[in-house]
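Structure file model_11.tsv (TSV, C-alpha atoms) is printed below.
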chain	number	residue	atom	x	y	z
I	1	MET	CA	-6.79	84.71	97.92
I	2	ILE	CA	-6.31	82.37	94.95
I	3	LEU	CA	-9.12	79.94	94.26
I	4	PRO	CA	-8.42	76.50	92.82
I	5	THR	CA	-8.93	76.18	89.07
I	6	ARG	CA	-10.39	73.41	86.96
I	7	PRO	CA	-9.87	72.96	83.21
I	8	ILE	CA	-12.31	72.87	80.34
I	9	LYS	CA	-10.77	69.73	78.88
I	10	SER	CA	-11.28	70.53	75.19
I	11	THR	CA	-9.74	74.00	75.47
I	12	LYS	CA	-6.79	75.61	77.24
I	13	GLN	CA	-9.06	77.62	79.52
I	14	MET	CA	-8.92	77.25	83.28
I	15	LEU	CA	-11.90	78.34	85.36
I	16	SER	CA	-11.73	79.43	88.98
I	17	LEU	CA	-13.68	77.00	91.15
I	18	PHE	CA	-16.25	79.74	91.69
I	19	GLY	CA	-17.44	82.27	89.18
I	20	LEU	CA	-19.55	85.37	89.60
I	21	GLY	CA	-22.98	85.16	87.98
I	22	SER	CA	-24.40	88.54	87.05
I	23	ALA	CA	-28.18	88.10	86.88
I	24	PRO	CA	-28.56	89.94	90.23
I	25	LEU	CA	-26.39	92.74	88.83
I	26	GLY	CA	-28.95	93.12	86.05
I	27	ASN	CA	-31.49	94.13	88.72
I	28	LEU	CA	-33.14	90.74	89.06
I	29	SER	CA	-36.05	91.27	91.50
I	30	HIS	CA	-34.23	94.13	93.23
I	31	ALA	CA	-32.56	97.25	91.85
I	32	VAL	CA	-28.79	97.46	92.40
I	33	SER	CA	-26.88	100.71	92.09
I	34	ASP	CA	-23.91	101.01	89.76
I	35	GLN	CA	-21.72	101.59	92.79
I	36	ASP	CA	-22.85	98.37	94.49
I	37	ALA	CA	-22.57	96.39	91.26
I	38	PHE	CA	-18.99	97.52	90.64
I	39	ALA	CA	-18.07	96.90	94.29
I	40	THR	CA	-19.42	93.34	94.05
I	41	ILE	CA	-17.39	92.58	90.93
I	42	ASP	CA	-14.28	94.10	92.55
I	43	ALA	CA	-14.85	92.00	95.68
I	44	ALA	CA	-15.13	88.88	93.55
I	45	TRP	CA	-11.81	89.70	91.93
I	46	ASP	CA	-10.18	90.32	95.32
I	47	ALA	CA	-11.52	86.94	96.49
I	48	GLY	CA	-9.70	85.19	93.64
I	49	ILE	CA	-12.63	84.77	91.27
I	50	ARG	CA	-11.46	84.91	87.67
I	51	TYR	CA	-14.54	83.57	85.91
I	52	PHE	CA	-17.46	85.91	85.21
I	53	ASP	CA	-20.77	84.98	83.58
I	54	THR	CA	-23.31	87.30	82.04
I	55	ALA	CA	-26.00	87.46	79.34
I	56	PRO	CA	-27.83	90.05	77.22
I	57	PHE	CA	-31.07	88.98	78.92
I	58	TYR	CA	-29.82	89.97	82.39
I	59	GLY	CA	-31.34	93.41	82.83
I	60	TYR	CA	-31.69	93.77	79.04
I	61	GLY	CA	-28.02	94.62	78.58
I	62	LEU	CA	-27.41	96.20	81.98
I	63	ALA	CA	-25.43	93.30	83.45
I	64	GLU	CA	-23.13	93.10	80.42
I	65	ARG	CA	-22.45	96.84	80.51
I	66	ARG	CA	-21.66	96.77	84.22
I	67	MET	CA	-19.46	93.70	83.88
I	68	GLY	CA	-17.48	95.20	81.02
I	69	LEU	CA	-16.88	98.48	82.83
I	70	ALA	CA	-15.80	96.77	86.06
I	71	LEU	CA	-13.35	94.45	84.29
I	72	HIS	CA	-11.99	97.11	81.95
I	73	ASN	CA	-8.87	97.84	84.02
I	74	HIS	CA	-7.83	94.20	84.36
I	75	ALA	CA	-5.64	92.51	81.78
I	76	ARG	CA	-7.93	90.64	79.39
I	77	ALA	CA	-5.85	87.47	79.59
I	78	ASP	CA	-6.27	87.32	83.38
I	79	TYR	CA	-9.94	86.32	83.44
I	80	VAL	CA	-12.54	84.22	81.62
I	81	ILE	CA	-15.91	85.65	80.64
I	82	SER	CA	-18.96	83.92	79.28
I	83	THR	CA	-22.10	85.38	77.82
I	84	LYS	CA	-25.09	83.97	75.98
I	85	VAL	CA	-26.90	84.02	72.67
I	86	GLY	CA	-30.48	83.28	71.66
I	87	ARG	CA	-32.09	86.58	72.59
I	88	LEU	CA	-31.62	89.84	70.71
I	89	LEU	CA	-32.29	93.24	72.23
I	90	ALA	CA	-34.24	95.80	70.22
I	91	PRO	CA	-35.40	99.34	71.09
I	92	LEU	CA	-38.94	99.29	72.42
I	93	SER	CA	-39.87	102.04	69.99
I	94	GLN	CA	-39.20	99.68	67.07
I	95	VAL	CA	-40.92	96.53	68.35
I	96	GLY	CA	-44.60	95.70	68.45
I	97	LYS	CA	-45.98	94.71	71.85
I	98	ALA	CA	-46.87	91.20	70.66
I	99	GLU	CA	-43.27	90.49	69.62
I	100	PHE	CA	-41.33	90.96	72.85
I	101	GLN	CA	-41.05	89.73	76.40
I	102	PRO	CA	-41.83	92.47	78.97
I	103	GLY	CA	-39.38	93.45	81.69
I	104	GLY	CA	-40.76	90.88	84.11
I	105	ALA	CA	-38.44	90.34	87.06
I	106	TRP	CA	-35.91	92.96	85.90
I	107	GLN	CA	-36.24	96.18	87.85
I	108	ASN	CA	-35.85	99.51	86.02
I	109	PRO	CA	-34.73	97.83	82.78
I	110	PRO	CA	-33.37	99.84	79.85
I	111	PRO	CA	-35.94	100.52	77.08
I	112	PHE	CA	-35.29	97.34	75.12
I	113	ALA	CA	-37.29	94.32	74.07
I	114	SER	CA	-35.91	90.79	74.28
I	115	ILE	CA	-36.61	88.75	71.14
I	116	TYR	CA	-35.77	85.06	70.72
I	117	ASP	CA	-33.58	84.34	67.70
I	118	TYR	CA	-31.43	81.21	67.37
I	119	SER	CA	-30.72	81.62	63.65
I	120	ALA	CA	-27.22	81.97	62.24
I	121	SER	CA	-27.62	85.69	61.63
I	122	GLY	CA	-29.26	86.17	65.03
I	123	LEU	CA	-26.43	84.47	66.90
I	124	ARG	CA	-23.79	86.49	65.08
I	125	ARG	CA	-25.64	89.73	65.79
I	126	SER	CA	-25.91	88.73	69.44
I	127	VAL	CA	-22.17	88.07	69.75
I	128	GLU	CA	-21.31	91.36	68.05
I	129	ALA	CA	-23.68	93.30	70.31
I	130	SER	CA	-22.32	91.63	73.45
I	131	LEU	CA	-18.76	92.50	72.43
I	132	GLN	CA	-19.79	96.15	72.18
I	133	ARG	CA	-21.65	96.21	75.51
I	134	LEU	CA	-18.73	94.48	77.24
I	135	GLY	CA	-16.06	96.56	75.48
I	136	MET	CA	-14.12	93.44	74.51
I	137	ASP	CA	-12.83	92.00	71.25
I	138	TYR	CA	-13.44	88.32	71.98
I	139	LEU	CA	-15.54	86.13	74.27
I	140	ASP	CA	-14.06	83.16	76.10
I	141	ILE	CA	-17.29	81.14	76.24
I	142	VAL	CA	-20.64	81.57	74.50
I	143	PHE	CA	-23.68	79.64	75.72
I	144	VAL	CA	-26.89	79.13	73.75
I	145	HIS	CA	-29.36	80.49	76.29
I	146	ASP	CA	-32.59	78.78	77.39
I	147	ILE	CA	-33.20	76.55	74.40
I	148	GLY	CA	-35.59	73.73	75.29
I	149	GLU	CA	-39.21	72.85	75.87
I	150	VAL	CA	-39.27	74.12	79.46
I	151	THR	CA	-38.69	77.65	78.16
I	152	HIS	CA	-40.39	77.54	74.76
I	153	GLY	CA	-43.11	74.89	75.00
I	154	ASP	CA	-44.74	74.28	71.62
I	155	LYS	CA	-42.47	76.85	69.97
I	156	ASN	CA	-39.31	74.93	70.83
I	157	ALA	CA	-39.37	72.91	67.59
I	158	HIS	CA	-39.17	76.18	65.64
I	159	TYR	CA	-36.26	77.56	67.65
I	160	TRP	CA	-34.47	74.20	67.69
I	161	SER	CA	-34.75	74.09	63.90
I	162	GLN	CA	-33.12	77.54	63.71
I	163	LEU	CA	-30.28	76.30	65.87
I	164	VAL	CA	-29.52	73.01	64.12
I	165	SER	CA	-30.09	74.31	60.59
I	166	GLY	CA	-27.62	77.16	60.89
I	167	GLY	CA	-27.09	78.48	64.40
I	168	PHE	CA	-24.62	75.82	65.51
I	169	ARG	CA	-22.61	76.16	62.30
I	170	GLU	CA	-22.42	79.92	62.80
I	171	LEU	CA	-21.04	79.46	66.31
I	172	GLU	CA	-18.36	77.16	64.87
I	173	GLN	CA	-17.52	79.84	62.30
I	174	LEU	CA	-17.30	82.50	65.03
I	175	LYS	CA	-14.93	80.18	66.86
I	176	ARG	CA	-12.75	79.83	63.75
I	177	GLU	CA	-12.71	83.63	63.52
I	178	LYS	CA	-11.51	83.70	67.14
I	179	LEU	CA	-14.38	85.94	68.21
I	180	ILE	CA	-15.39	83.21	70.64
I	181	GLY	CA	-13.36	80.53	72.38
I	182	ALA	CA	-15.65	77.78	73.68
I	183	ILE	CA	-19.22	76.80	72.75
I	184	GLY	CA	-21.91	75.41	75.03
I	185	LEU	CA	-25.51	75.59	76.18
I	186	GLY	CA	-26.75	77.61	79.15
I	187	VAL	CA	-29.98	75.91	80.20
I	188	ASN	CA	-32.18	74.64	83.02
I	189	GLU	CA	-32.83	71.21	81.47
I	190	PHE	CA	-30.06	68.68	80.99
I	191	SER	CA	-31.70	66.60	78.24
I	192	VAL	CA	-31.30	69.41	75.71
I	193	ILE	CA	-27.52	69.37	76.25
I	194	SER	CA	-27.49	65.68	75.32
I	195	ALA	CA	-29.60	66.45	72.24
I	196	ALA	CA	-27.24	69.24	71.19
I	197	GLN	CA	-24.23	66.92	71.33
I	198	GLU	CA	-25.67	65.08	68.35
I	199	HIS	CA	-25.24	68.25	66.26
I	200	ILE	CA	-22.14	70.01	67.59
I	201	ASP	CA	-19.01	69.30	69.60
I	202	LEU	CA	-19.68	71.23	72.80
I	203	ASP	CA	-16.71	72.44	74.84
I	204	CYS	CA	-18.66	72.90	78.08
I	205	SER	CA	-22.15	73.85	79.22
I	206	MET	CA	-23.90	75.66	82.04
I	207	LEU	CA	-26.63	73.76	83.87
I	208	ALA	CA	-28.73	75.75	86.33
I	209	GLY	CA	-30.54	74.14	89.24
I	210	ARG	CA	-30.62	70.55	87.97
I	211	TYR	CA	-27.68	69.16	89.93
I	212	SER	CA	-27.88	70.35	93.51
I	213	LEU	CA	-28.27	69.17	97.07
I	214	LEU	CA	-32.03	69.34	96.53
I	215	GLU	CA	-32.20	67.35	93.29
I	216	GLN	CA	-29.95	65.01	91.36
I	217	ASN	CA	-32.20	63.76	88.57
I	218	SER	CA	-29.38	64.66	86.21
I	219	LEU	CA	-26.86	62.34	87.90
I	220	ALA	CA	-26.62	59.85	85.01
I	221	PHE	CA	-26.19	62.74	82.60
I	222	MET	CA	-23.48	64.26	84.79
I	223	ASP	CA	-21.68	60.91	84.92
I	224	GLN	CA	-21.72	60.76	81.11
I	225	CYS	CA	-20.33	64.30	80.93
I	226	ALA	CA	-17.45	63.27	83.17
I	227	LEU	CA	-16.70	60.28	80.93
I	228	LYS	CA	-16.84	62.40	77.76
I	229	GLY	CA	-14.84	65.28	79.19
I	230	LEU	CA	-17.71	67.77	78.85
I	231	GLY	CA	-17.20	70.33	81.60
I	232	ILE	CA	-20.32	71.48	83.41
I	233	ILE	CA	-20.55	74.92	85.01
I	234	LEU	CA	-23.22	74.94	87.68
I	235	GLY	CA	-25.74	77.69	88.14
I	236	GLY	CA	-28.45	77.91	90.77
I	237	VAL	CA	-26.77	75.90	93.53
I	238	PHE	CA	-29.46	77.23	95.89
I	239	ASN	CA	-32.27	76.27	93.46
I	240	SER	CA	-33.29	79.93	93.11
I	241	GLY	CA	-33.25	80.54	96.84
I	242	ILE	CA	-34.84	77.70	98.78
I	243	LEU	CA	-31.53	76.25	100.02
I	244	ALA	CA	-30.36	79.59	101.41
I	245	ALA	CA	-33.62	80.90	102.83
I	246	ASP	CA	-35.74	80.76	105.97
I	247	LEU	CA	-37.92	77.74	105.22
I	248	ASN	CA	-40.66	79.02	107.50
I	249	LYS	CA	-41.25	81.94	105.17
I	250	ARG	CA	-42.22	82.12	101.50
I	251	VAL	CA	-39.43	80.47	99.48
I	252	THR	CA	-38.85	80.03	95.78
I	253	TYR	CA	-37.83	77.02	93.73
I	254	ASN	CA	-37.27	77.33	89.98
I	255	TYR	CA	-38.10	81.03	90.37
I	256	VAL	CA	-41.67	80.42	91.53
I	257	GLU	CA	-43.17	79.74	94.95
I	258	ALA	CA	-41.98	76.34	96.15
I	259	ALA	CA	-44.49	73.48	96.32
I	260	PRO	CA	-45.16	71.91	99.77
I	261	GLU	CA	-43.35	68.67	98.89
I	262	VAL	CA	-40.24	70.58	97.81
I	263	ILE	CA	-40.28	72.57	101.06
I	264	ALA	CA	-40.68	69.33	103.03
I	265	HIS	CA	-37.60	67.85	101.32
I	266	ALA	CA	-35.60	71.00	102.04
I	267	LYS	CA	-36.67	70.91	105.70
I	268	LYS	CA	-35.35	67.34	106.03
I	269	LEU	CA	-32.02	68.49	104.64
I	270	HIS	CA	-32.08	71.46	107.00
I	271	GLN	CA	-32.80	69.29	110.04
I	272	LEU	CA	-29.84	67.00	109.34
I	273	CYS	CA	-27.60	70.02	108.86
I	274	ASN	CA	-28.77	71.36	112.23
I	275	ASP	CA	-27.97	68.01	113.85
I	276	PHE	CA	-24.36	68.41	112.70
I	277	GLY	CA	-24.09	72.16	113.34
I	278	VAL	CA	-23.78	72.96	109.62
I	279	SER	CA	-25.52	75.62	107.52
I	280	LEU	CA	-27.84	74.22	104.89
I	281	ALA	CA	-26.50	76.84	102.49
I	282	ALA	CA	-22.93	75.63	103.09
I	283	ALA	CA	-23.92	72.07	102.24
I	284	ALA	CA	-25.73	73.36	99.15
I	285	VAL	CA	-22.62	75.17	97.88
I	286	GLN	CA	-20.21	72.33	98.56
I	287	PHE	CA	-22.16	69.22	97.59
I	288	PRO	CA	-22.39	69.60	93.77
I	289	LEU	CA	-18.72	70.57	93.42
I	290	ALA	CA	-17.77	66.98	94.25
I	291	HIS	CA	-18.93	65.71	90.88
I	292	PRO	CA	-15.97	65.27	88.50
I	293	ALA	CA	-17.89	66.83	85.60
I	294	VAL	CA	-18.14	70.16	87.43
I	295	VAL	CA	-15.53	72.73	86.42
I	296	SER	CA	-16.99	75.76	88.22
I	297	ALA	CA	-20.05	77.10	90.01
I	298	ALA	CA	-21.34	80.56	89.10
I	299	LEU	CA	-22.50	82.28	92.28
I	300	GLY	CA	-25.00	85.09	91.94
I	301	ALA	CA	-24.62	88.08	94.26
I	302	ARG	CA	-26.01	91.61	94.31
I	303	SER	CA	-23.72	92.99	97.03
I	304	VAL	CA	-20.33	92.54	98.61
I	305	THR	CA	-21.99	91.24	101.78
I	306	GLN	CA	-24.00	88.63	99.89
I	307	LEU	CA	-20.95	87.46	97.94
I	308	GLN	CA	-18.83	87.17	101.09
I	309	LYS	CA	-21.55	85.21	102.85
I	310	THR	CA	-21.65	82.70	100.00
I	311	LEU	CA	-17.86	82.34	99.97
I	312	ASP	CA	-17.96	81.80	103.75
I	313	TRP	CA	-20.45	78.97	103.21
I	314	ALA	CA	-18.09	77.51	100.62
I	315	ASN	CA	-15.31	77.42	103.24
I	316	GLU	CA	-17.44	76.18	106.15
I	317	ALA	CA	-16.14	72.92	107.65
I	318	ILE	CA	-18.52	70.03	107.05
I	319	PRO	CA	-17.91	66.65	108.68
I	320	VAL	CA	-17.86	63.50	106.57
I	321	GLU	CA	-20.65	62.12	108.72
I	322	LEU	CA	-23.17	64.65	107.42
I	323	TRP	CA	-22.76	63.50	103.82
I	324	LEU	CA	-23.14	59.90	104.95
I	325	ALA	CA	-26.27	60.84	106.91
I	326	PHE	CA	-27.80	62.44	103.82
I	327	GLN	CA	-27.01	59.27	101.93
I	328	ASP	CA	-28.42	56.96	104.62
I	329	ALA	CA	-31.63	59.02	104.79
I	330	GLY	CA	-32.11	58.77	101.03
I	331	LEU	CA	-31.94	62.55	100.68
I	332	ILE	CA	-29.30	62.44	97.96
I	333	ALA	CA	-29.17	60.04	95.04
I	334	PHE	CA	-27.32	56.77	95.42
I	335	GLY	CA	-23.99	57.01	93.62
I	336	ALA	CA	-23.73	60.79	93.78
I	337	PRO	CA	-20.10	61.77	94.53
I	338	LEU	CA	-19.70	63.10	98.07
I	339	PRO	CA	-17.48	66.08	98.98
I	340	ASN	CA	-14.72	64.22	100.78
I	341	GLU	CA	-11.87	62.26	99.26
I	342	LYS	CA	-11.99	59.80	102.16
I	343	ILE	CA	-15.44	58.62	101.05
I	344	LYS	CA	-15.23	55.83	98.47
Represent the structure of the file as structure tokens.
Amino acid sequence: MILPTRPIKSTKQMLSLFGLGSAPLGNLSHAVSDQDAFATIDAAWDAGIRYFDTAPFYGYGLAERRMGLALHNHARADYVISTKVGRLLAPLSQVGKAEFQPGGAWQNPPPFASIYDYSASGLRRSVEASLQRLGMDYLDIVFVHDIGEVTHGDKNAHYWSQLVSGGFRELEQLKREKLIGAIGLGVNEFSVISAAQEHIDLDCSMLAGRYSLLEQNSLAFMDQCALKGLGIILGGVFNSGILAADLNKRVTYNYVEAAPEVIAHAKKLHQLCNDFGVSLAAAAVQFPLAHPAVVSAALGARSVTQLQKTLDWANEAIPVELWLAFQDAGLIAFGAPLPNEKIK
């Protein structure tokens, strides 16, 4: 199976329409065996996926190590990999308890601490460490991870200062050295991508959860990205689970328990899908891909079965009338591109 590809306009890179996100392979919420992790990556390759996303934060290095080992026997030119900078890993034995983030949602993490560092030296150290964990000599895409007030609150001004006073320039230098190919942000808030564009020429960016079937507050931003040629890679098409879960049970949105009004919105989407005999999860996968700014969607999976289910949703037939019904019911933003070329 060969998936369609879309270009990052400012580079020569082509991304498969779907990528494999590796947070679940870093033992997010549930432990995954090495065998299952490698099988999932192999299944993604067999399904035509040639874009793989990871980060040092995912399992405190575990996801990068697994990704590098699984891809080791494939020709390096045959796939695109992205990882992230902004967090350094340090041995727990060398870090004071007040200085690091605990394991949190990562199950059985390696004995490392995750320390925020967006400085020039910190970003270079992060790239060099990722290259070693992955067993590679260059990175196709590097995203600045989780910069912004949603993540850092009052401390964001400090980290933003690190980034604009030297971090961005260091990424440009790493690009000139051909250690990295493309530069972007990997965030959950779209406004910080706009702010970053005032300081650096971004090649692409990853936006998680902010342009989905459930919410399109970023629509104007996405439209601007399409006009400027800034490719957006989507993460979190299920909004951390709610769009692929049983809505009568506990569901999560933005990685916490969903609020009643969010669940009510999801149930309205679900009811319309039922009326047309369509899976809500299928609509969630397919809807955001219609936007011309989107170059790929990174799908998280912790098993072959889970990956195949998501790819089945991506291929599920959805009638034009369902998208129009969403629109008529005011459940998707006016002007949002709809997944059918016949719709004008």
(request) Write out as JSON, numbers by chain the residues lying within 10 Å of Thr11 in chain I, counting only C-alpha atoms and excluding same-chain residues fewer than 6 positions away. (result) {"I": [181, 182, 203, 204]}
(request) Using all atoms listed in the file, find the one residue out of I:Phe168, I:Gly277, I:Val237, I:Ser82 that sits nearest to Ser205 in chain I. (result)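 Nearest candidate to Ser205 in chain I out of I:Phe168, I:Gly277, I:Val237, I:Ser82: I:Ser82.
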(request) May I have the residues within 8 Å of range 319-329 of chain I as a list of chain:residue names, using only C-alpha atoms and disregarding those fewer than 5 positions away in the same chain? (result)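 Counting only the stated atoms, we get I:Leu269, I:Leu272, I:Cys273, I:Phe276, I:Phe334, I:Leu338, I:Pro339, I:Asn340, I:Ile343.
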(message) Env of Val285 in chain I: 7 Å cut, atoms = all atoms listed in the file, seq-sep filter 3 positions within chain, self excluded. Answer as a PyMOL selection string.
(response) chain I and resi 237+281-282+288+313-314
Residue subset to file, keeping C-alpha atoms, as a PDB file, keeping the file's coordinate frame:
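Done, and the output landed in again-v1.pdb:
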ATOM      1  CA  VAL I 237     -26.770  75.900  93.530  1.00  0.00           C
ATOM      2  CA  ALA I 281     -26.500  76.840 102.490  1.00  0.00           C
ATOM      3  CA  ALA I 282     -22.930  75.630 103.090  1.00  0.00           C
ATOM      4  CA  PRO I 288     -22.390  69.600  93.770  1.00  0.00           C
ATOM      5  CA  TRP I 313     -20.450  78.970 103.210  1.00  0.00           C
ATOM      6  CA  ALA I 314     -18.090  77.510 100.620  1.00  0.00           C
TER       7      ALA I 314
END
(message) I'd like the neighbourhood of Arg169 in chain I as a PyMOL selection string, where a residue qualifies if any of its atoms comes within 12 Å (using all atoms listed in the file), though same-chain residues fewer than 4 positions away should be ignored.
(response) chain I and resi 118-121+123-124+162-165+173-176+183+199-202
Mind working out the centre and edge lengths of an axis-aligned box for range 58-68 of chain I, all listed atoms inside, 6 Å added to each side, rounded to one decimal in Å and written as lines of an AutoDock Vina configuration file?
center_x = -24.6
center_y = 93.4
center_z = 81.4
size_x = 26.2
size_y = 18.9
size_z = 17.6
(message) Applying 7 Å and all atoms listed in the file, which residues near range 296-299 of chain I remain after dropping the ones on its own chain fewer than 5 positions away? List them as number ranges by chain.
(response) I: 15-21, 233-235
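For the pair CA of Thr40 in chain I and CA of Lys309 in chain I, the interatomic distance is 12.2 Å.
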(message) Using all atoms listed in the file, can you tell me which of I:Pro7, I:Pro111, I:Gly236, I:Gly135 comes closest to Leu69 in chain I?
(response) I:Gly135
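Proximity of I:Ile49, I:Met136, I:Leu307, I:Ile180 to Lys84 in chain I, computed with all atoms listed in the file, is greatest for I:Ile180.
In terms of minimum interatomic distance to Leu92 in chain I, I:Ser114 ranks closest within I:Gln286, I:Asn239, I:Ser114, I:Asn108, counting all atoms listed in the file.
CA of Pro56 in chain I is positioned 17.4 Å from CA of Ile41 in chain I.
The space between CA of Val295 in chain I and CA of Asp46 in chain I spans 20.4 Å.
Using all atoms listed in the file, the smallest distance between any of I:Leu134, I:Ala264, I:Cys225, I:Leu247 and Asp53 in chain I comes from I:Leu134.
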(request) Identify the residues around (-32.7, 96.3, 70.4) within a radius of 9 Å, measuring from all atoms listed in the file in the coordinates stated by the file, and give them as a list in words. (result)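 Within the cut-off we find Leu88, Leu89, Ala90, Pro91, Leu92, Gln94, Val95, Pro111, Phe112, Ala113, Ser114 and Ile115 of chain I.
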(request) Return the single residue from I:Asp42, I:Val85, I:Trp106, I:Glu128 that is closest to Gly59 in chain I, with distances computed using all atoms listed in the file. (result) I:Trp106
Please produce, as a tab-separated table, a per-residue contact table for range 141-244 of chain I versus range 251-258 of chain I (criterion: any atom at most 10 Å away, only C-alpha atoms considered), showing the nearest atom pair and its distance in Å to one decimal, sorted by chain then residue number.
residue	atom	partner	partner_atom	distance
I:Asn188	CA	I:Asn254	CA	9.0
I:Ala208	CA	I:Asn254	CA	9.4
I:Gly209	CA	I:Asn254	CA	7.5
I:Arg210	CA	I:Asn254	CA	9.7
I:Gly236	CA	I:Asn254	CA	8.9
I:Phe238	CA	I:Tyr253	CA	8.6
I:Asn239	CA	I:Tyr253	CA	5.6
I:Ser240	CA	I:Tyr253	CA	5.4
I:Gly241	CA	I:Thr252	CA	5.7
I:Ile242	CA	I:Val251	CA	5.4
I:Leu243	CA	I:Tyr253	CA	8.9
I:Ala244	CA	I:Val251	CA	9.3
